[in-house]
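Report on one structure; see the data block that follows.
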Amino acid sequence: MDTKTIGILTSGGDAPGMNAAIRAVTRSAIYNGFKVAGIYRGFEGLISGEIKPFTTESVSNIINRGGTILRTARSAEFTTTEGRRRAYEQMQAHHIDILCVIGGNGSLTGAKIFAEEYGVPCIGLPGTIDNDLDGTDFTIGYDTTLNTIMQCVDKIRDTATSHERIFFVEVMGRDAGFLAQNSAIAAGAEAAIIPEEQTNFDQLEHYVGRGIRKSKNSSIVIVSESPKCGAMHYAKRMQKEYDGYDVRVSILGHLQRGGSPSARDRILASRLGVGAIQAIKEGQRNVMIGVKNNEIVYVPFSRAIQGKKRMDPDLMTVLDELSI
Ligand code: F6P
């Protein structure tokens, strides 16, 4: 029987733990008798044939590194039929039988379309700091980013209390509030403004004001990024309507995506990588490997990308009760 070759790529925004996932897929594939090809710069590199054979050594000393050694891209060309045709030709030219895509919503949507058009078996690994893929409790990178945000907010707290200020801290997450909500709990913030919830301004004043009027001399509000209603928007309004408050904004930006992955992300990536090869051996295709209640699960692409992952409503209560 011919040895099958698995092509691995990382796509979309990088996430800490992607390297651990590349390592896990590569090592588990080789252990189980597959060949591996590393595809550079995501779908862009697949289209232009930036592909190299991978050995176990190709992935040595990377488990601890943030970013992705394969590099990544958001490929506009792959959204076109012509781009995908060229990608398929490259797969054939490099004798790649199965594609393993590590990325977020956009990347798995690309994999799904490609799989449907060309009948290529694709396996996905959830790699995004946003934690917004359905069918998996956690995505690779989310835990590290949560910890990074928490550490930043701990530092902001020092200056907030010293100056008796209100800080609006803007965090990433695209359309999902997982990072904002959970970092607010972890850092002991007064409130989180997330896309899943309507936060009116009176409510916000209530959250911030109740602490300040009692015992607190400072306040921290975590705001999920949004083009119209980001941290700046709320800070301006707060400053305008309550000029007694000294308000500042801190937009954390891309530092949230960097850094050495946490133990939790390394273990998750390792388990998902081994799970991917197991799925391939079982003949699975066009599924994302996820973790649900600590068990490895196979989630059809169509479900993973549907954008319906819900936040646990109990988290709102936790934040609300503890921020008085
Ligand atoms: O999807 C990951 C993410 O970091 C989002 O949280 C954020 O909205 C986006 O990517 C930023 O993308 P870019 O790095 O292209 O600015």
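Ordering of the structure tokens sets the chain letters (A, B, ...); residue numbers start at 1 within each chain; ligands are numbered from 1 in the order shown.
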
Write out as a Markdown table a residue-level contact list of chain A versus ligand 1 with cut-off 8 Å: for each qualifying residue the closest pair of atoms and the distance in Å to one decimal, counting only C-alpha atoms and all ligand atoms, rows sorted by chain and residue number upward.
| residue | atom | partner | partner_atom_place_in_ligand_line | distance |
| --- | --- | --- | --- | --- |
| A:Gly12 | CA | ligand 1 | 1 (O) | 6.9 |
| A:Gly13 | CA | ligand 1 | 2 (C) | 4.8 |
| A:Asp14 | CA | ligand 1 | 2 (C) | 7.2 |
| A:Ala15 | CA | ligand 1 | 2 (C) | 7.7 |
| A:Arg74 | CA | ligand 1 | 15 (O) | 7.6 |
| A:Gly104 | CA | ligand 1 | 1 (O) | 6.8 |
| A:Thr128 | CA | ligand 1 | 2 (C) | 5.8 |
| A:Ile129 | CA | ligand 1 | 2 (C) | 5.8 |
| A:Asp130 | CA | ligand 1 | 6 (O) | 5.5 |
| A:Val171 | CA | ligand 1 | 6 (O) | 7.9 |
| A:Met172 | CA | ligand 1 | 6 (O) | 4.1 |
| A:Gly173 | CA | ligand 1 | 6 (O) | 3.7 |
| A:Arg174 | CA | ligand 1 | 8 (O) | 3.9 |
| A:Asp175 | CA | ligand 1 | 8 (O) | 7.6 |
| A:Glu225 | CA | ligand 1 | 8 (O) | 7.2 |
| A:His254 | CA | ligand 1 | 14 (O) | 6.9 |
| A:Gln256 | CA | ligand 1 | 4 (O) | 7.8 |
| A:Arg257 | CA | ligand 1 | 4 (O) | 6.4 |

Residue selection dump (N, CA and C atoms) as a short mmCIF file (atom, residue, chain, number, x, y, z; two decimals), in the first residue's frame:
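Done, and the output landed in result.cif:
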data_model
loop_
_atom_site.label_atom_id
_atom_site.label_comp_id
_atom_site.auth_asym_id
_atom_site.auth_seq_id
_atom_site.Cartn_x
_atom_site.Cartn_y
_atom_site.Cartn_z
N GLY A 12 -4.88 32.04 8.92
CA GLY A 12 -5.58 33.05 9.71
C GLY A 12 -4.66 33.64 10.78
N GLY A 13 -5.25 34.23 11.80
CA GLY A 13 -4.44 34.82 12.88
C GLY A 13 -3.66 33.75 13.62
N ASP A 14 -2.38 34.01 13.89
CA ASP A 14 -1.60 33.00 14.62
C ASP A 14 -2.12 32.90 16.05
N ALA A 15 -1.81 31.79 16.70
CA ALA A 15 -2.27 31.58 18.08
C ALA A 15 -1.20 30.78 18.81
N ARG A 74 -3.85 35.36 5.66
CA ARG A 74 -5.28 35.34 5.36
C ARG A 74 -5.35 35.46 3.83
N GLY A 104 -8.74 29.18 12.49
CA GLY A 104 -10.03 29.55 13.05
C GLY A 104 -11.16 29.42 12.05
N THR A 128 -7.18 29.29 17.32
CA THR A 128 -7.54 30.72 17.36
C THR A 128 -7.64 31.17 18.81
N ILE A 129 -7.20 32.40 19.06
CA ILE A 129 -7.30 32.92 20.43
C ILE A 129 -8.75 33.24 20.79
N ASP A 130 -9.63 33.33 19.78
CA ASP A 130 -11.00 33.82 20.02
C ASP A 130 -11.92 32.81 20.70
N VAL A 171 -9.84 44.34 24.52
CA VAL A 171 -9.20 43.05 24.19
C VAL A 171 -9.73 42.51 22.86
N MET A 172 -9.00 41.57 22.30
CA MET A 172 -9.40 40.97 21.02
C MET A 172 -10.54 39.97 21.23
N GLY A 173 -10.94 39.33 20.14
CA GLY A 173 -12.00 38.32 20.21
C GLY A 173 -12.90 38.34 18.99
N ARG A 174 -12.67 39.29 18.12
CA ARG A 174 -13.49 39.48 16.92
C ARG A 174 -14.96 39.61 17.30
N ASP A 175 -15.83 38.66 16.92
CA ASP A 175 -17.25 38.79 17.25
C ASP A 175 -17.63 38.05 18.52
N GLU A 225 -13.23 44.12 21.53
CA GLU A 225 -12.98 45.00 20.39
C GLU A 225 -14.24 45.14 19.52
N HIS A 254 -2.02 43.47 19.52
CA HIS A 254 -1.45 42.19 19.09
C HIS A 254 -0.53 41.53 20.10
N GLN A 256 -1.48 40.38 22.59
CA GLN A 256 -2.32 39.28 23.07
C GLN A 256 -2.10 37.98 22.28
N ARG A 257 -1.57 38.09 21.08
CA ARG A 257 -1.43 36.88 20.25
C ARG A 257 -0.06 36.22 20.41
#

Which residues, written as a list in words, have at least one atom at most 7 Å from A:Ala37, with only C-alpha atoms counted and residues fewer than 4 positions away on the same chain left out?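 In the requested format, the answer is Thr5, Ile6, Gly7, Ile8, Ile51, Lys52, Pro53 and Phe54 of chain A.
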
Dump N, CA and C atoms for the selected residues as a short mmCIF file (atom, residue, chain, number, x, y, z; two decimals), in the first residue's frame?
data_model
loop_
_atom_site.label_atom_id
_atom_site.label_comp_id
_atom_site.auth_asym_id
_atom_site.auth_seq_id
_atom_site.Cartn_x
_atom_site.Cartn_y
_atom_site.Cartn_z
N THR A 5 0.53 10.91 2.24
CA THR A 5 1.18 12.13 2.73
C THR A 5 0.14 13.12 3.26
N ILE A 6 0.43 13.60 4.46
CA ILE A 6 -0.45 14.61 5.08
C ILE A 6 0.23 15.97 4.96
N GLY A 7 -0.46 16.93 4.37
CA GLY A 7 0.06 18.30 4.30
C GLY A 7 -0.50 19.11 5.46
N ILE A 8 0.39 19.83 6.16
CA ILE A 8 -0.09 20.64 7.31
C ILE A 8 0.10 22.11 6.98
N ILE A 51 6.15 24.34 -0.23
CA ILE A 51 5.90 23.07 0.47
C ILE A 51 7.22 22.32 0.64
N LYS A 52 7.46 21.80 1.86
CA LYS A 52 8.69 21.05 2.12
C LYS A 52 8.37 19.76 2.86
N PRO A 53 9.14 18.69 2.59
CA PRO A 53 8.92 17.48 3.39
C PRO A 53 9.29 17.74 4.85
N PHE A 54 8.53 17.19 5.76
CA PHE A 54 8.79 17.37 7.20
C PHE A 54 9.22 16.04 7.81
#

Could you pull out the residues in stretch 43-292 of chain A that DSSP calls alpha helix (DSSP H) from the backbone, as number ranges by chain? A: 43-48, 81-93, 105-118, 142-163, 178-187, 201-213, 231-241, 263-281

Give the answer as one residue: which of A:Arg165, A:His233, A:Lys292, A:Arg285 has the shortest atom-to-atom distance to A:Val120, using only C-alpha atoms?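 Using only C-alpha atoms, the shortest distance to A:Val120 belongs to A:Arg285.
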
With distances taken over only C-alpha atoms, which of A:Met18, A:Leu133, A:Ile140, A:Val221 is nearest to A:Ala160?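 The closest residue to A:Ala160 is A:Val221.
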
Spatial neighbours of A:Tyr31, 12 Å, only C-alpha atoms, chain gap at least 3 places, as a PyMOL selection string: chain A and resi 23-28+34-36+55-56+274+277-278

Atom pair atom CA of A:Ile123 / atom CA of A:Asn286: separation (Å):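 Computed distance, atom CA of A:Ile123 to atom CA of A:Asn286, equals 5.4 Å.
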
Taking only stretch 104-299 of chain A into account, list the residues labelled strand (DSSP E or B) by DSSP (computed from the backbone), as an MDAnalysis selection string. chainID A and resid 122:127 140 166:171 191:193 219:224 247:251 287:292 295:299

Spatial neighbours of A:Ile251, 9 Å, only C-alpha atoms, chain gap at least 3 places, as a list in words: Phe168, Val169, Glu170, Val171, Glu225, Ala231 and Met232 of chain A

Could you dump the residues just selected with N, CA and C atoms as a short mmCIF file (atom, residue, chain, number, x, y, z; two decimals), in the first residue's frame?
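Done, and the output landed in selection14.cif:
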data_model
loop_
_atom_site.label_atom_id
_atom_site.label_comp_id
_atom_site.auth_asym_id
_atom_site.auth_seq_id
_atom_site.Cartn_x
_atom_site.Cartn_y
_atom_site.Cartn_z
N PHE A 168 -10.65 51.57 30.83
CA PHE A 168 -11.34 50.73 29.85
C PHE A 168 -10.25 49.99 29.09
N VAL A 169 -10.23 48.67 29.22
CA VAL A 169 -9.18 47.87 28.58
C VAL A 169 -9.80 47.09 27.42
N GLU A 170 -9.30 47.36 26.22
CA GLU A 170 -9.89 46.69 25.04
C GLU A 170 -9.10 45.43 24.71
N VAL A 171 -9.84 44.34 24.52
CA VAL A 171 -9.20 43.05 24.19
C VAL A 171 -9.73 42.51 22.86
N GLU A 225 -13.23 44.12 21.53
CA GLU A 225 -12.98 45.00 20.39
C GLU A 225 -14.24 45.14 19.52
N ALA A 231 -13.32 50.33 23.38
CA ALA A 231 -13.03 50.96 24.67
C ALA A 231 -13.09 52.48 24.60
N MET A 232 -12.63 53.05 23.49
CA MET A 232 -12.59 54.50 23.32
C MET A 232 -13.99 55.10 23.40
#

Distance criterion (only C-alpha atoms): nearest to A:Met316 out of A:Ala304, A:Leu125, A:Ala191, A:Ala73: A:Ala191

Using only C-alpha atoms: which of A:Thr145, A:Ser60, A:Ser48, A:Thr161 has the shortest distance to A:Leu255: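 Ranked by minimum distance to A:Leu255, first place goes to A:Thr145.
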
One decimal, Å: what's the distance from atom CA of A:Tyr245 over to atom CA of A:Thr159, could you say?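 Separation of atom CA of A:Tyr245 and atom CA of A:Thr159: 15.0 Å.
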